[in-house]
>>> print(open('model.txt').read())   # compact mmCIF, C-alpha atoms
# COMPACT_ATOMS: atom_id res chain seq x y z
CA MET A 1 0.00 0.00 0.00
CA LYS A 2 2.85 2.38 0.85
CA ARG A 3 4.52 1.67 -2.50
CA LEU A 4 1.26 2.34 -4.35
CA LEU A 5 0.75 5.61 -2.48
CA LEU A 6 4.35 6.64 -3.19
CA LEU A 7 3.93 5.80 -6.88
CA VAL A 8 0.70 7.87 -7.10
CA LEU A 9 2.41 10.78 -5.31
CA ILE A 10 5.40 10.69 -7.69
CA CYS A 11 3.15 10.56 -10.76
CA TRP A 12 0.99 13.41 -9.48
CA SER A 13 3.99 15.63 -8.69
CA SER A 14 5.51 14.91 -12.12
CA VAL A 15 2.29 15.98 -13.85
CA SER A 16 2.12 19.13 -11.69
CA MET A 17 5.73 20.04 -12.49
CA ALA A 18 5.16 19.51 -16.21
CA GLN A 19 2.18 21.84 -16.13
CA MET A 20 4.10 24.50 -14.20
CA GLN A 21 7.01 24.49 -16.63
CA ALA A 22 4.80 25.38 -19.60
CA ALA A 23 5.04 29.15 -18.94
CA GLN A 24 7.85 30.93 -20.76
CA LYS A 25 9.36 34.32 -20.10
CA ILE A 26 8.92 36.64 -23.06
CA ILE A 27 11.73 39.09 -23.68
CA PRO A 28 10.70 42.02 -25.89
CA ASP A 29 12.81 42.96 -28.90
CA TYR A 30 12.35 46.63 -27.95
CA THR A 31 11.21 48.45 -24.85
CA HIS A 32 10.94 52.16 -24.28
CA GLU A 33 9.22 54.46 -21.86
CA THR A 34 8.44 58.12 -22.02
CA GLN A 35 7.12 60.56 -19.46
CA VAL A 36 4.18 62.75 -20.42
CA LYS A 37 3.06 65.75 -18.36
CA SER A 38 -0.53 64.57 -18.04
CA THR A 39 -2.61 62.17 -15.98
CA PRO A 40 -2.89 58.49 -16.94
CA VAL A 41 -6.64 58.95 -17.45
CA LYS A 42 -6.17 61.74 -20.02
CA ILE A 43 -3.47 59.82 -21.90
CA TRP A 44 -5.55 56.66 -21.87
CA ARG A 45 -8.62 58.49 -23.23
CA VAL A 46 -6.57 59.43 -26.29
CA ILE A 47 -4.97 56.00 -26.84
CA ARG A 48 -8.15 53.97 -26.30
CA ASP A 49 -10.03 56.07 -28.89
CA LEU A 50 -8.72 53.97 -31.79
CA PRO A 51 -9.43 56.41 -34.67
CA GLN A 52 -7.55 59.13 -32.76
CA VAL A 53 -4.22 57.42 -33.59
CA LYS A 54 -4.14 59.72 -36.63
CA GLU A 55 -4.25 62.78 -34.33
CA TYR A 56 -1.39 61.66 -32.05
CA SER A 57 0.80 60.14 -34.77
CA ASN A 58 2.67 63.42 -35.23
CA GLY A 59 1.70 63.55 -38.93
CA MET A 60 2.90 60.01 -39.62
CA ILE A 61 -0.59 58.56 -40.28
CA ARG A 62 -2.68 60.07 -43.08
CA GLU A 63 -5.75 57.82 -42.81
CA VAL A 64 -7.16 55.34 -40.29
CA ASN A 65 -10.12 53.03 -40.65
CA ILE A 66 -11.37 50.92 -37.73
CA ARG A 67 -13.43 47.90 -38.69
CA THR A 68 -14.83 44.84 -36.92
CA VAL A 69 -14.93 41.33 -38.40
CA ASN A 70 -16.51 38.57 -36.28
CA ASP A 71 -15.92 40.48 -33.01
CA THR A 72 -12.27 41.18 -33.91
CA LYS A 73 -11.25 44.82 -34.40
CA PHE A 74 -8.79 45.83 -37.09
CA ARG A 75 -7.28 49.16 -38.00
CA ASP A 76 -6.24 49.91 -41.54
CA LEU A 77 -3.57 52.60 -41.65
CA VAL A 78 -2.26 54.72 -44.50
CA PHE A 79 1.02 56.41 -43.61
CA SER A 80 2.09 59.82 -44.86
CA ASP A 81 4.68 58.15 -47.14
CA GLY A 82 1.93 56.08 -48.82
CA ARG A 83 2.63 52.77 -47.05
CA LYS A 84 -0.41 50.79 -45.88
CA ARG A 85 -0.73 48.40 -42.96
CA THR A 86 -3.45 46.42 -41.21
CA ASP A 87 -3.26 45.78 -37.45
CA GLU A 88 -5.42 43.49 -35.37
CA ILE A 89 -6.44 45.16 -32.12
CA GLU A 90 -6.02 42.44 -29.53
CA GLN A 91 -6.63 44.35 -26.29
CA VAL A 92 -7.85 47.74 -25.17
CA HIS A 93 -7.93 47.08 -21.45
CA ASP A 94 -9.43 50.05 -19.60
CA GLN A 95 -8.76 48.89 -16.05
CA TYR A 96 -5.03 48.44 -16.62
CA LYS A 97 -4.71 51.09 -19.39
CA PHE A 98 -3.09 48.50 -21.63
CA PHE A 99 -3.22 48.48 -25.45
CA VAL A 100 -2.03 45.61 -27.66
CA PHE A 101 -2.02 45.29 -31.43
CA HIS A 102 -0.63 42.73 -33.87
CA VAL A 103 0.78 43.85 -37.20
CA GLN A 104 -1.17 41.71 -39.68
CA ASP A 105 -0.21 42.85 -43.14
CA PRO A 106 2.38 43.38 -44.40
CA LEU A 107 4.84 41.43 -42.29
CA PRO A 108 8.45 41.20 -43.48
CA ALA A 109 9.68 37.87 -44.84
CA GLY A 110 10.57 35.51 -42.01
CA ILE A 111 8.49 37.31 -39.35
CA ARG A 112 5.55 35.25 -38.11
CA LYS A 113 4.21 37.63 -35.49
CA ALA A 114 4.72 41.27 -34.49
CA VAL A 115 3.06 42.56 -31.31
CA VAL A 116 3.19 46.14 -30.02
CA THR A 117 2.02 47.07 -26.52
CA ALA A 118 1.49 50.34 -24.68
CA LEU A 119 0.91 50.59 -20.94
CA VAL A 120 -0.02 53.90 -19.29
CA GLU A 121 0.88 54.28 -15.62
CA SER A 122 1.15 56.96 -12.98
CA LEU A 123 4.45 57.80 -11.36
CA PRO A 124 4.51 57.28 -7.60
CA ASP A 125 5.97 60.68 -6.70
CA LYS A 126 4.42 62.87 -9.40
CA ASP A 127 0.71 63.68 -9.71
CA ASP A 128 0.98 65.53 -13.02
CA VAL A 129 3.36 63.22 -14.91
CA SER A 130 2.65 59.73 -16.26
CA VAL A 131 4.72 57.14 -18.06
CA VAL A 132 3.86 55.29 -21.26
CA ARG A 133 5.76 51.99 -21.57
CA TRP A 134 6.05 50.60 -25.09
CA SER A 135 7.28 47.18 -26.17
CA ILE A 136 7.69 45.24 -29.40
CA ILE A 137 7.66 41.44 -29.40
CA LEU A 138 8.56 39.61 -32.60
CA GLU A 139 8.54 35.95 -33.60
CA GLY A 140 10.55 34.81 -36.58
CA ASP A 141 13.94 35.01 -38.24
CA LYS A 142 16.54 37.30 -36.74
CA SER A 143 17.31 38.80 -40.14
CA GLY A 144 13.80 40.27 -40.42
CA ARG A 145 13.65 41.56 -36.86
CA LYS A 146 16.05 44.50 -37.02
CA PRO A 147 14.36 46.41 -39.88
CA LEU A 148 10.91 45.85 -38.36
CA VAL A 149 12.07 46.98 -34.90
CA GLU A 150 13.55 50.11 -36.52
CA THR A 151 10.27 50.86 -38.34
CA LEU A 152 8.04 50.21 -35.32
CA SER A 153 10.30 52.09 -32.88
CA ALA A 154 10.25 55.13 -35.23
CA GLU A 155 6.45 54.84 -35.25
CA ILE A 156 6.41 54.76 -31.44
CA ALA A 157 8.63 57.87 -31.35
CA ASN A 158 6.01 59.68 -33.45
CA TYR A 159 3.23 58.54 -31.13
CA GLU A 160 5.17 59.85 -28.13
CA ALA A 161 5.83 63.22 -29.78
CA GLY A 162 2.18 63.48 -30.80
CA LEU A 163 0.90 62.60 -27.33
CA LYS A 164 3.15 65.25 -25.82
CA LYS A 165 1.94 67.90 -28.32
CA MET A 166 -1.70 67.05 -27.58
CA LEU A 167 -1.51 66.74 -23.81
CA GLU A 168 1.32 68.87 -22.44
>>> encode(input="model.txt", output="structure tokens")
Amino acid sequence: MKRLLLLVLICWSSVSMAQMQAAQKIIPDYTHETQVKSTPVKIWRVIRDLPQVKEYSNGMIREVNIRTVNDTKFRDLVFSDGRKRTDEIEQVHDQYKFFVFHVQDPLPAGIRKAVVTALVESLPDKDDVSVVRWSIILEGDKSGRKPLVETLSAEIANYEAGLKKMLE
């Protein structure tokens, strides 16, 4: 009986360990934060209003179209240089002021997934300044990552400049 109990305990703990090891740490390809002289609520109101990306893009976006297909939101962007891109809006989380989009089309050769996040938070010692934390997470070949990170980080820089112009 003791051997059977020991065997069951070992099997159970092995299954539990296997389930616990499934989580992986994700390391972004790019992270950046900027401080904006505004409250998190005001910044979030701008970011969560999806069509308003044109207004805070610092002139980078010429047109934006938000559409919904089977409960999934997409934004079709036309950039000032004529490029076009479609993003899937994965999350607009009001409670945590967290925004996530996936670049859908076009993706560079070798890149399977491109995710951009923005998180708006207050600063502990400053009532009138907030921080926006941006990250880019890519899946795919290393050769395609660098140019996409450069493009997306330049886009983020325009968003930051635009947010500051609108809110400060």
>>> closest_residue(input="model.txt", among="A:His32, A:Lys146, A:Lys25, A:Arg45", to="Leu163 of chain A", atoms="only C-alpha atoms")
A:Arg45
>>> closest_residue(input="model.txt", among="A:Gln91, A:Thr151, A:Ser122, A:Ser57", to="Lys164 of chain A", atoms="only C-alpha atoms")
A:Ser57
>>> atom_distance(input="model.txt", atom1="atom CA of Ala114 of chain A", atom2="atom CA of Glu139 of chain A")
6.6 Å
>>> closest_residue(input="model.txt", among="A:Tyr159, A:Trp134, A:Tyr56, A:Tyr30", to="Phe99 of chain A", atoms="all atoms listed in the file")
A:Trp134
>>> closest_residue(input="model.txt", among="A:Ser135, A:Ser38, A:Ser143, A:Thr68", to="Ile156 of chain A", atoms="only C-alpha atoms")
A:Ser135
>>> atom_distance(input="model.txt", atom1="atom CA of Lys54 of chain A", atom2="atom CA of Asp127 of chain A")
27.6 Å
>>> atom_distance(input="model.txt", atom1="atom CA of Leu138 of chain A", atom2="atom CA of Pro106 of chain A")
13.8 Å
>>> residues_around(input="model.txt", residues="Glu55 of chain A", least_positions_apart="5", cutoff="10 Å", atoms="only C-alpha atoms", output="list of chain:residue names")
A:Val46, A:Met60, A:Ile61, A:Arg62, A:Glu63, A:Val64, A:Tyr159, A:Gly162, A:Leu163, A:Met166
>>> closest_residue(input="model.txt", among="A:Val41, A:Ala154, A:Leu50, A:Ile27", to="Val100 of chain A", atoms="all atoms listed in the file")
A:Leu50
>>> closest_residue(input="model.txt", among="A:Gln95, A:Lys37, A:Lys113, A:Asp87", to="Phe74 of chain A", atoms="only C-alpha atoms")
A:Asp87
